[in-house]
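Raw contents of protein22.cif, mmCIF, C-alpha atoms:
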```
data_run
#
loop_
_atom_site.label_atom_id
_atom_site.label_comp_id
_atom_site.auth_asym_id
_atom_site.auth_seq_id
_atom_site.Cartn_x
_atom_site.Cartn_y
_atom_site.Cartn_z
CA MET A 1 -20.93 20.96 68.36
CA PRO A 2 -24.13 19.19 67.28
CA THR A 3 -24.72 15.62 68.34
CA PRO A 4 -24.29 12.78 65.78
CA LEU A 5 -28.02 11.96 65.70
CA PHE A 6 -28.90 15.55 64.90
CA ILE A 7 -26.38 15.60 62.04
CA LEU A 8 -27.61 12.24 60.75
CA PHE A 9 -31.28 13.23 60.67
CA VAL A 10 -30.62 16.67 59.23
CA LEU A 11 -28.53 15.10 56.47
CA ILE A 12 -31.26 12.54 55.70
CA MET A 13 -33.88 15.29 55.73
CA LEU A 14 -32.01 17.66 53.43
CA GLY A 15 -30.79 14.88 51.13
CA SER A 16 -34.27 13.48 50.60
CA ALA A 17 -35.59 17.03 50.13
CA LEU A 18 -33.08 17.46 47.30
CA VAL A 19 -34.25 14.15 45.82
CA VAL A 20 -37.84 15.45 45.92
CA VAL A 21 -36.85 18.48 43.87
CA LEU A 22 -34.39 16.85 41.48
CA HIS A 23 -35.91 13.45 40.70
CA ARG A 24 -38.01 13.33 37.56
CA ASN A 25 -40.33 10.52 38.59
CA PRO A 26 -43.16 11.90 40.78
CA VAL A 27 -43.49 8.58 42.63
CA ALA A 28 -39.82 8.72 43.63
CA SER A 29 -40.35 12.33 44.74
CA ALA A 30 -43.26 11.26 46.92
CA MET A 31 -41.26 8.45 48.54
CA ALA A 32 -38.35 10.83 49.19
CA LEU A 33 -40.79 13.25 50.79
CA VAL A 34 -41.96 10.46 53.12
CA CYS A 35 -38.31 9.93 54.10
CA CYS A 36 -37.91 13.68 54.65
CA PHE A 37 -40.97 13.85 56.90
CA ILE A 38 -39.90 10.84 58.95
CA SER A 39 -36.49 12.34 59.67
CA LEU A 40 -38.21 15.63 60.47
CA ALA A 41 -40.34 13.73 62.98
CA ALA A 42 -37.12 12.34 64.47
CA LEU A 43 -35.89 15.91 64.91
CA PHE A 44 -39.19 16.78 66.62
CA ILE A 45 -38.71 13.89 69.03
CA GLY A 46 -35.19 15.11 69.70
CA LEU A 47 -36.74 18.43 70.69
CA ASN A 48 -38.99 16.72 73.29
CA ALA A 49 -42.07 17.19 71.08
CA TYR A 50 -43.10 13.53 71.12
CA PHE A 51 -46.75 14.12 70.24
CA LEU A 52 -45.91 16.24 67.21
CA GLY A 53 -43.37 13.69 66.01
CA ILE A 54 -45.98 10.95 66.06
CA ILE A 55 -48.57 13.22 64.45
CA GLN A 56 -46.06 14.16 61.77
CA ILE A 57 -45.52 10.51 60.89
CA LEU A 58 -49.20 9.55 61.10
CA VAL A 59 -50.72 12.50 59.27
CA TYR A 60 -48.01 13.65 56.88
CA ALA A 61 -46.02 10.52 56.10
CA GLY A 62 -49.10 8.33 56.38
CA ALA A 63 -52.30 10.00 55.24
CA VAL A 64 -51.13 12.93 53.12
CA MET A 65 -48.43 11.08 51.20
CA VAL A 66 -50.72 8.14 50.51
CA LEU A 67 -53.18 10.65 49.07
CA PHE A 68 -50.40 12.06 46.88
CA LEU A 69 -49.39 8.60 45.64
CA PHE A 70 -53.02 7.76 44.97
CA ILE A 71 -53.48 10.87 42.85
CA ILE A 72 -50.21 10.27 40.97
CA MET A 73 -51.35 6.76 40.08
CA LEU A 74 -54.87 7.94 39.28
CA LEU A 75 -53.65 10.56 36.80
CA ASP A 76 -51.00 8.28 35.23
CA ILE A 77 -48.51 11.03 34.45
CA ASN A 78 -46.51 10.93 31.26
CA ARG A 79 -42.94 11.06 32.49
CA GLU A 80 -41.07 11.72 29.26
CA GLU A 81 -43.05 14.85 28.53
CA GLU A 82 -42.27 16.20 31.97
CA GLU A 83 -38.57 15.44 31.51
CA ALA A 84 -38.32 17.37 28.26
CA ILE A 85 -40.03 20.43 29.71
CA PHE A 86 -37.88 20.32 32.85
CA PHE A 87 -34.73 20.77 30.79
CA LYS A 88 -36.07 23.15 28.19
CA LYS A 89 -36.88 25.91 30.67
CA LYS A 90 -33.33 26.92 31.59
CA ASN A 91 -34.25 30.44 32.70
CA SER A 92 -36.81 29.45 35.28
CA PHE A 93 -34.44 26.75 36.58
CA ILE A 94 -31.62 29.25 37.08
CA ALA A 95 -33.96 31.84 38.62
CA GLY A 96 -35.40 29.33 41.10
CA CYS A 97 -31.95 28.16 42.16
CA LEU A 98 -30.74 31.75 42.55
CA ILE A 99 -33.62 32.67 44.85
CA ALA A 100 -33.04 29.56 46.97
CA VAL A 101 -29.29 30.23 47.24
CA ALA A 102 -29.95 33.85 48.22
CA LEU A 103 -32.35 32.67 50.92
CA ILE A 104 -29.84 30.16 52.31
CA ALA A 105 -27.06 32.77 52.26
CA GLN A 106 -29.17 35.25 54.19
CA ILE A 107 -30.22 32.70 56.80
CA ALA A 108 -26.64 31.48 57.21
CA GLY A 109 -25.43 35.06 57.58
CA VAL A 110 -27.95 35.80 60.31
CA CYS A 111 -27.23 32.52 62.13
CA MET A 112 -23.46 33.04 62.01
CA SER A 113 -23.55 36.66 63.17
CA TYR A 114 -25.87 36.01 66.13
CA LYS A 115 -24.16 34.27 69.03
CA PRO A 116 -26.41 33.48 71.98
CA GLY A 117 -24.96 33.10 75.44
CA LYS A 118 -26.00 29.51 75.95
CA GLU A 119 -25.45 26.89 73.29
CA ARG A 120 -27.43 24.01 74.65
CA ALA A 121 -31.19 23.79 75.09
CA PRO A 122 -32.37 24.89 78.56
CA LYS A 123 -32.95 22.01 80.91
CA LEU A 124 -36.53 20.99 81.59
CA THR A 125 -37.35 21.20 85.30
CA LEU A 126 -40.11 18.62 85.51
CA ARG A 127 -40.45 18.22 89.28
CA GLU A 128 -40.44 21.95 89.91
CA ALA A 129 -43.06 22.29 87.18
CA ALA A 130 -45.26 19.76 88.98
CA TYR A 131 -45.13 21.92 92.11
CA MET A 132 -45.56 25.18 90.24
CA ARG A 133 -48.61 23.95 88.33
CA GLY A 134 -50.45 23.37 91.57
CA VAL A 135 -53.54 21.25 92.09
CA GLU A 136 -56.15 23.44 90.41
CA VAL A 137 -55.29 22.55 86.82
CA PRO A 138 -57.54 20.99 84.15
CA VAL A 139 -55.38 17.85 83.90
CA PRO A 140 -54.10 16.95 87.39
CA SER A 141 -52.82 13.56 86.26
CA ALA A 142 -50.10 15.33 84.29
CA ASN A 143 -48.61 16.42 87.61
CA ARG A 144 -48.02 12.84 88.71
CA GLU A 145 -46.06 12.04 85.58
CA LEU A 146 -44.12 15.29 85.89
CA PHE A 147 -43.27 14.33 89.45
CA LYS A 148 -41.96 10.98 88.26
CA GLY A 149 -39.64 12.83 85.88
CA ARG A 150 -41.50 12.10 82.66
CA LEU A 151 -42.82 14.72 80.27
CA PRO A 152 -46.58 14.17 79.71
CA ASP A 153 -46.49 15.81 76.32
CA VAL A 154 -49.93 14.80 75.10
CA LYS A 155 -51.65 15.77 78.33
CA LEU A 156 -50.05 19.20 78.43
CA ILE A 157 -50.84 19.92 74.77
CA GLY A 158 -54.40 18.71 75.26
CA GLU A 159 -54.77 20.88 78.34
CA GLN A 160 -53.73 23.97 76.36
CA LEU A 161 -55.81 22.93 73.34
CA PHE A 162 -59.05 22.53 75.25
CA THR A 163 -58.69 25.55 77.53
CA ARG A 164 -56.73 28.37 75.98
CA TYR A 165 -57.09 27.41 72.34
CA ASN A 166 -60.62 26.03 72.49
CA PHE A 167 -62.07 28.60 70.11
CA HIS A 168 -59.25 28.03 67.59
CA LEU A 169 -59.85 24.30 67.81
CA GLN A 170 -63.49 24.80 66.87
CA ILE A 171 -62.52 26.99 63.93
CA ILE A 172 -60.11 24.27 62.74
CA ALA A 173 -62.90 21.70 63.08
CA THR A 174 -65.16 23.87 60.92
CA LEU A 175 -62.35 24.24 58.40
CA LEU A 176 -61.97 20.48 58.16
CA LEU A 177 -65.71 20.06 57.68
CA VAL A 178 -65.80 22.71 54.97
CA SER A 179 -62.82 21.17 53.17
CA ALA A 180 -64.42 17.72 53.28
CA ILE A 181 -67.60 19.12 51.73
CA GLY A 182 -65.48 21.03 49.20
CA VAL A 183 -63.62 17.89 48.15
CA VAL A 184 -66.88 16.03 47.61
CA THR A 185 -68.28 18.92 45.59
CA LEU A 186 -65.11 19.30 43.51
CA SER A 187 -64.72 15.65 42.65
CA LYS A 188 -68.39 15.13 41.85
CA LYS A 189 -69.00 14.47 38.18
CA TYR A 190 -71.45 16.94 36.77
CA PRO A 191 -73.52 15.73 33.80
CA GLN A 192 -72.00 18.33 31.49
CA ARG A 193 -72.33 16.37 28.26
CA ARG A 194 -76.06 15.92 28.52
CA VAL A 195 -76.62 19.59 29.25
CA THR A 196 -74.55 20.78 26.26
CA GLU A 197 -76.08 18.29 23.87
CA ASN A 198 -79.60 19.09 24.98
CA GLN A 199 -78.90 22.76 24.36
CA ASN A 200 -77.94 21.95 20.79
CA PRO A 201 -81.23 21.73 18.89
CA ASN A 202 -79.71 20.23 15.71
CA ASN A 203 -78.40 17.15 17.47
CA PRO A 204 -80.90 15.78 19.96
CA VAL A 205 -79.47 13.04 22.14
CA ASN A 206 -82.54 11.75 23.82
CA PRO A 207 -83.96 9.18 21.41
CA GLU A 208 -86.89 8.38 23.66
CA GLY A 209 -87.93 12.01 23.93
CA ASP A 210 -87.46 12.34 20.21
CA SER A 211 -89.64 9.36 19.39
CA THR A 212 -92.38 10.55 21.72
CA VAL A 213 -92.29 13.96 20.12
CA ASN A 214 -92.46 12.40 16.69
CA GLY A 215 -95.14 9.98 17.82
CA ALA A 216 -97.17 12.85 19.22
CA LYS A 217 -96.79 14.74 15.98
CA GLU A 218 -97.78 11.70 13.96
CA GLY A 219 -100.74 11.13 16.21
CA GLN A 220 -101.80 14.71 15.75
CA LEU A 221 -101.40 14.43 12.05
CA MET B 1 -24.54 20.54 72.12
CA ILE B 2 -27.12 21.54 69.56
CA SER B 3 -27.82 25.24 69.50
CA LEU B 4 -31.01 26.89 68.33
CA ASN B 5 -29.08 28.25 65.35
CA SER B 6 -28.48 24.73 64.03
CA TYR B 7 -32.19 24.00 64.02
CA LEU B 8 -33.02 27.32 62.40
CA LEU B 9 -30.34 26.79 59.76
CA ALA B 10 -31.66 23.30 58.96
CA SER B 11 -35.20 24.66 58.78
CA GLY B 12 -34.12 27.52 56.55
CA ILE B 13 -32.26 25.22 54.17
CA LEU B 14 -35.27 22.92 53.96
CA PHE B 15 -37.48 25.93 53.23
CA ALA B 16 -35.08 27.13 50.53
CA ILE B 17 -35.00 23.69 48.87
CA GLY B 18 -38.80 23.65 48.87
CA CYS B 19 -38.91 27.16 47.45
CA ALA B 20 -36.49 26.17 44.67
CA GLY B 21 -38.68 23.16 43.91
CA VAL B 22 -41.80 25.30 43.66
CA LEU B 23 -40.06 27.69 41.28
CA THR B 24 -38.27 25.19 39.05
CA ARG B 25 -40.52 22.16 38.71
CA ARG B 26 -43.18 21.99 36.01
CA ASN B 27 -45.31 19.15 37.38
CA ILE B 28 -48.11 20.56 39.51
CA ILE B 29 -48.14 17.58 41.90
CA VAL B 30 -44.42 17.94 42.64
CA ILE B 31 -44.95 21.67 43.18
CA PHE B 32 -47.61 20.78 45.71
CA MET B 33 -45.23 18.38 47.47
CA CYS B 34 -42.60 21.11 47.69
CA LEU B 35 -45.21 23.41 49.25
CA GLU B 36 -45.79 20.76 51.92
CA MET B 37 -42.04 20.67 52.49
CA MET B 38 -41.98 24.43 53.08
CA LEU B 39 -44.78 24.11 55.64
CA ALA B 40 -42.84 21.35 57.40
CA ALA B 41 -39.72 23.53 57.48
CA ALA B 42 -41.68 26.30 59.18
CA SER B 43 -43.00 23.84 61.75
CA LEU B 44 -39.44 22.65 62.54
CA SER B 45 -38.42 26.18 63.49
CA LEU B 46 -41.60 26.58 65.58
CA VAL B 47 -40.89 23.38 67.51
CA ALA B 48 -37.29 24.48 68.06
CA PHE B 49 -38.50 27.83 69.42
CA SER B 50 -40.93 26.05 71.72
CA ARG B 51 -38.11 23.91 73.17
CA TYR B 52 -35.57 26.69 73.57
CA HIS B 53 -37.94 29.25 75.07
CA LEU B 54 -39.27 27.56 78.18
CA SER B 55 -42.39 28.67 80.00
CA GLU B 56 -42.20 29.95 83.59
CA GLN B 57 -42.73 26.44 84.91
CA GLY B 58 -39.66 25.03 83.15
CA LEU B 59 -41.69 23.12 80.58
CA PRO B 60 -41.52 23.65 76.80
CA ASN B 61 -43.61 26.56 75.64
CA TYR B 62 -46.56 24.70 74.22
CA ASP B 63 -47.89 27.64 72.21
CA GLY B 64 -45.43 26.82 69.44
CA GLN B 65 -46.34 23.15 69.42
CA ILE B 66 -50.06 23.94 69.23
CA PHE B 67 -49.29 26.24 66.33
CA VAL B 68 -47.58 23.31 64.60
CA PHE B 69 -50.60 21.12 65.37
CA PHE B 70 -52.83 23.67 63.62
CA ILE B 71 -50.38 23.89 60.70
CA ILE B 72 -50.55 20.10 60.24
CA THR B 73 -54.35 20.19 60.33
CA VAL B 74 -54.59 23.03 57.83
CA ALA B 75 -52.03 21.33 55.58
CA ALA B 76 -54.05 18.12 55.55
CA ALA B 77 -57.21 20.05 54.59
CA GLU B 78 -55.26 21.96 51.97
CA VAL B 79 -53.86 18.78 50.43
CA ALA B 80 -57.33 17.26 50.19
CA VAL B 81 -58.82 20.31 48.47
CA GLY B 82 -55.77 20.92 46.27
CA LEU B 83 -55.61 17.37 44.99
CA ALA B 84 -59.34 17.44 44.26
CA ILE B 85 -58.76 20.61 42.23
CA ILE B 86 -55.87 18.93 40.39
CA VAL B 87 -58.07 15.94 39.55
CA ALA B 88 -60.83 18.24 38.29
CA LEU B 89 -58.25 20.16 36.25
CA TYR B 90 -56.87 16.96 34.74
CA ARG B 91 -60.38 15.87 33.85
CA THR B 92 -61.00 19.00 31.78
CA ARG B 93 -57.52 19.66 30.32
CA GLN B 94 -55.86 16.19 30.26
CA THR B 95 -52.56 17.64 31.53
CA ILE B 96 -50.91 18.64 34.80
CA SER B 97 -47.92 20.54 33.43
CA ILE B 98 -48.11 24.19 34.45
CA ASP B 99 -46.73 25.26 31.08
CA LYS B 100 -49.97 24.16 29.48
CA LEU B 101 -52.21 25.47 32.25
CA GLN B 102 -51.84 29.15 31.59
CA SER B 103 -55.37 30.48 31.29
CA MET B 104 -57.90 30.65 34.09
CA LYS B 105 -60.81 30.12 31.74
CA GLY B 106 -62.25 26.66 32.14
#
```
This entry written out as structure tokens:
Amino acid sequence: MPTPLFILFVLIMLGSALVVVLHRNPVASAMALVCCFISLAALFIGLNAYFLGIIQILVYAGAVMVLFLFIIMLLDINREEEEAIFFKKKNSFIAGCLIAVALIAQIAGVCMSYKPGKERAPKLTLREAAYMRGVEVPVPSANRELFKGRLPDVKLIGEQLFTRYNFHLQIIATLLLVSAIGVVTLSKKYPQRRVTENQNPNNPVNPEGDSTVNGAKEGQL
Amino acid sequence: MISLNSYLLASGILFAIGCAGVLTRRNIIVIFMCLEMMLAAASLSLVAFSRYHLSEQGLPNYDGQIFVFFIITVAAAEVAVGLAIIVALYRTRQTISIDKLQSMKG
């Protein structure tokens, strides 16, 4: 039997996810997605993943969703047009719902048929872990907190990240750099109009160049 | 108590809702939001696996959590690039409905 907090946060998460899909105003969808991500972060914290819960709120609900809202307001979307199209395409609506229902049915079938021996999450043995980690570890201060019965989540993740996953971390850093450069390149305004109009010989746009050409011709004449 | 199945079921339902949103919505920004939701659903199941499959020391298996950390990083980069593409698209076509964005020619 799941605990009340789990049920509460799962219901908030799934309800706001439905609002994201069904609401016609993109701003309301974005706010519902923020709600969905915050309750997802609560589920993370319930799973003893404190660092990821905080990161989920900071990065997803904070940075990413603000970016979404900014773009929605920048583009100034026409809502009525969207509404009409949403209802006109009955076939794609039915097909999308069918695929989602089939997916849920399959997952539910697998979850119902598989019965593990233990229902509850295995207990964390923090003090034993402090002894088993030993002294020769990259982050020895994590052992002290483990010994006090606290889970030093950030320290343990950082230890793994900078030892075992160091190469992956550098690849991710390169990816972020490349995406930052890509965003700058994509959103840069290229002077397309001047190029096209200069290529058109019948309609010269540069009056100064034109006058100099004419002046030169007159001078020659 | 909460079993692993409950978490996986919640994650699967969230993924299915996101998938339905991607397939049914016409607004490209909402489609993008639903994609983010599907990524988040996958990370919920990864975190649940990391908690329910302990390492030898009795701590959560941090491989899953580091995977989620990388997913969040990649998703942030993806959102930045994707929204820049959407803005560039809107600048040339003046629309973000996928019914009107059917050709790849610029």
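Near (-37.5, 26.9, 70.0), the residues inside the 10 Å limit, counting all atoms listed in the file, come to Leu47 and Ala121 of chain A; Ser3, Leu4, Asn5, Tyr7, Leu8, Leu44, Ser45, Leu46, Val47, Ala48, Phe49, Ser50, Arg51, Tyr52, His53, Leu54, Pro60, Asn61, Gly64 and Gln65 of chain B.
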Practice task
Take the PyMOL selection byres ((chain A and resi 36) around 10), apply it to the structure above, and return the hits as an MDAnalysis selection string.
Solution key: (chainID A and resid 9:20 30:35 37:42 61) or (chainID B and resid 14 37 40)
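Counting only C-alpha atoms, the residue from B:Ile29, B:Met1, B:Ile66, B:Ala77 that sits nearest to Leu52 of chain A is B:Ile66.
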Practice task
Would you mind listing what lies within 10 Å of Met112 of chain A as a PyMOL selection string, with all atoms listed in the file counted and same-chain residues fewer than 4 positions away left out?
Solution key: (chain A and resi 106-108) or (chain B and resi 5-6+9)
Practice task
Using only C-alpha atoms, find the residues of chain B whose closest atom to chain A is at most 6 Å away, then write them as a list of chain:residue names.
Solution key: B:Met1, B:Ile2, B:Ser3, B:Asn5, B:Ile13, B:Ala16, B:Ala20, B:Gly21, B:Leu23, B:Thr24, B:Tyr52, B:Gln57, B:Gly58, B:Leu59, B:Ala77, B:Val81, B:Ala84
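Put simply, atom CA of Asp76 of chain A is 17.7 Å away from atom CA of Arg25 of chain B.
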Practice task
Starting from the displayed file, determine the output of the PyMOL selection byres ((chain B and resi 88-98) around 7) and express the residue list as a PyMOL selection string.
Solution key: (chain A and resi 186-187) or (chain B and resi 26-28+84-87+99-102)
Exercise for the section: For atom CA of Glu136 of chain A and atom CA of Ile171 of chain A, determine how far apart the two atoms are, in Å to one decimal place. Expected result: 27.5 Å
Draw an axis-aligned box tight on the listed atoms of segment 46-50 of chain A, then pad every side by 6 Å and write out centre and edge lengths in Å to one decimal as lines of an AutoDock Vina configuration file.
```
center_x = -39.1
center_y = 16.0
center_z = 71.5
size_x = 19.9
size_y = 16.9
size_z = 15.6
```
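From atom CA of Asn166 of chain A back to atom CA of Glu56 of chain B, the distance works out to 21.9 Å.
When all atoms listed in the file are used to measure the gap to Val30 of chain B, the shortest distance among B:Val74, B:Ala10, B:Ala42, B:Leu83 belongs to B:Leu83.
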Problem - All residues 7 Å or closer to Val22 of chain B, only C-alpha atoms, same chain fewer than 5 positions away omitted, as an MDAnalysis selection string - result: chainID B and resid 31 34:35
